[in-house]
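To start, the structure under review is shown below, and the notes come after it.
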Amino acid sequence: MNLSGIMILVGLLLVGCSKQTAAQRDALESTKPGYLVAKNYCSQCHSLPFPDQHPPAAWPYVVSRMQSYIETAHRRMPDPAQRKAIIGYFEKN
């Protein structure tokens with residue numbers, strides 16, 4: 001195999017190992033409880049984080065911290081049931 005063939009193979013492997021696209025993630029996650037609520041509120045300011053970004057026990061604190069940013073920015077706030085769904089999604093996935 002020549003150098004260009006090797007480079008193409010390496011490129012394909014890197015693409016295959018990359019994180020999923022937003023559309024792929026929506027298709028896979030949209031049936032999980034809390035996903036759409038989390039996406040709706042979190043993406044007011046940034047892309048939806050992946051649940052493994054923090055340990056499950058850290059998510060209540062992270063959501064509380066983000067909720068204070070949402071409040072300061074005068075954006076839509078989740079109600080208590082939505083907040084619980086958001087935390088549940090991140091803790092369980």
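Lettering and numbering for the structure tokens are positional, with chains as A, B, ... in the shown order, residues counted from 1 in each chain, and ligands counted from 1 in the shown order.
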Find the residues of range 25-50 of chain A that sit at most 10 Å from range 72-84 of chain A; for each, write down the nearest two atoms and how far apart they are in Å, to one decimal. Count only C-alpha atoms. Sort by chain, then by number going up, and give it as a Markdown table.
| residue | atom | partner | partner_atom | distance |
| --- | --- | --- | --- | --- |
| A:Gly34 | CA | A:Gln82 | CA | 7.7 |
| A:Val37 | CA | A:Gln82 | CA | 6.6 |
| A:Ala38 | CA | A:Gln82 | CA | 8.2 |
| A:Asn40 | CA | A:Pro78 | CA | 9.4 |
| A:Tyr41 | CA | A:Pro78 | CA | 7.0 |
| A:Cys42 | CA | A:Pro78 | CA | 10.0 |
| A:Gln44 | CA | A:Arg75 | CA | 7.6 |
| A:Cys45 | CA | A:Arg75 | CA | 9.2 |
Produce a file of the selected residues containing C-alpha atoms, as an mmCIF file, in the first residue's frame.
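In the end it all went to out-v7.cif:
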data_model
loop_
_atom_site.group_PDB
_atom_site.id
_atom_site.type_symbol
_atom_site.label_atom_id
_atom_site.label_comp_id
_atom_site.auth_asym_id
_atom_site.auth_seq_id
_atom_site.Cartn_x
_atom_site.Cartn_y
_atom_site.Cartn_z
ATOM 1 C CA GLY A 34 -35.073 13.635 29.899
ATOM 2 C CA VAL A 37 -35.795 18.443 27.970
ATOM 3 C CA ALA A 38 -32.030 18.589 28.552
ATOM 4 C CA ASN A 40 -34.062 22.164 25.003
ATOM 5 C CA TYR A 41 -32.633 23.956 28.038
ATOM 6 C CA CYS A 42 -28.895 23.287 27.748
ATOM 7 C CA GLN A 44 -29.978 27.794 24.942
ATOM 8 C CA CYS A 45 -26.319 28.591 25.709
#
**Near-Asn93 in chain A list (12 Å; only C-alpha atoms; drop same-chain fewer than 5 positions) as a list in words** = Leu28, Glu29, Lys32, Pro33, Gly34, Tyr35, Pro49, Phe50, Pro51, Asp52, Gln53, His54, Pro55, Pro56, Trp59, Ile86, Ile87 and Gly88 of chain A
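Atom pair CA of Glu91 in chain A / CA of Ser64 in chain A: separated by 13.9 Å.
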**Proximity to Ser30 in chain A - best of A:Met66, A:Tyr89, A:His46, A:Ala58, only C-alpha atoms** = A:Tyr89
**Message:** Let me make sure I understand: among A:Val62, A:Ala57, A:Ala23, A:Ser47, which one has the smallest atom-to-atom distance to Lys92 in chain A if we use only C-alpha atoms?
**Reply:**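 Residue with the minimum atom-to-atom distance to Lys92 in chain A: A:Ala57.
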Using DSSP secondary structure from the backbone, list all alpha helix (DSSP H) positions within range 11-92 of chain A, as a CSV table (one decimal) with C-alpha atoms, in the first residue's frame.
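After the write, states_33.csv holds the following:
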chain,number,residue,atom,x,y,z
A,11,GLY,CA,-8.5,9.4,7.8
A,12,LEU,CA,-11.3,6.9,7.6
A,13,LEU,CA,-10.4,5.4,11.0
A,14,LEU,CA,-10.3,8.8,12.6
A,15,VAL,CA,-13.7,9.7,11.2
A,16,GLY,CA,-15.1,6.4,12.4
A,17,CYS,CA,-13.8,7.1,15.9
A,22,ALA,CA,-26.0,16.0,16.5
A,23,ALA,CA,-28.4,14.2,14.2
A,24,GLN,CA,-27.0,10.8,15.1
A,25,ARG,CA,-27.2,11.6,18.7
A,26,ASP,CA,-30.8,12.9,18.4
A,27,ALA,CA,-31.8,9.6,16.7
A,28,LEU,CA,-30.2,7.5,19.4
A,29,GLU,CA,-31.0,9.5,22.5
A,35,TYR,CA,-33.0,13.9,26.7
A,36,LEU,CA,-35.3,16.3,24.8
A,37,VAL,CA,-35.8,18.4,28.0
A,38,ALA,CA,-32.0,18.6,28.6
A,39,LYS,CA,-31.4,19.5,24.9
A,40,ASN,CA,-34.1,22.2,25.0
A,41,TYR,CA,-32.6,24.0,28.0
A,42,CYS,CA,-28.9,23.3,27.7
A,59,TRP,CA,-24.8,16.3,37.7
A,60,PRO,CA,-27.1,17.9,40.3
A,61,TYR,CA,-24.5,20.5,41.1
A,62,VAL,CA,-23.7,21.1,37.4
A,63,VAL,CA,-27.3,21.6,36.6
A,64,SER,CA,-27.8,23.9,39.5
A,65,ARG,CA,-24.8,26.0,38.4
A,66,MET,CA,-26.0,26.1,34.8
A,67,GLN,CA,-29.5,27.1,36.1
A,68,SER,CA,-28.0,30.1,37.8
A,69,TYR,CA,-26.4,31.1,34.4
A,70,ILE,CA,-29.7,30.7,32.7
A,71,GLU,CA,-31.4,32.9,35.3
A,72,THR,CA,-28.8,35.6,35.0
A,80,PRO,CA,-38.8,21.5,39.1
A,81,ALA,CA,-40.1,18.5,37.1
A,82,GLN,CA,-38.0,19.4,34.1
A,83,ARG,CA,-34.9,20.0,36.2
A,84,LYS,CA,-35.4,16.5,37.7
A,85,ALA,CA,-35.7,15.0,34.2
A,86,ILE,CA,-32.5,16.8,33.1
A,87,ILE,CA,-30.5,15.5,36.0
A,88,GLY,CA,-32.0,12.0,35.6
A,89,TYR,CA,-31.0,11.9,31.9
A,90,PHE,CA,-27.4,12.9,32.7
A,91,GLU,CA,-27.1,10.6,35.8
A,92,LYS,CA,-28.5,7.5,34.0
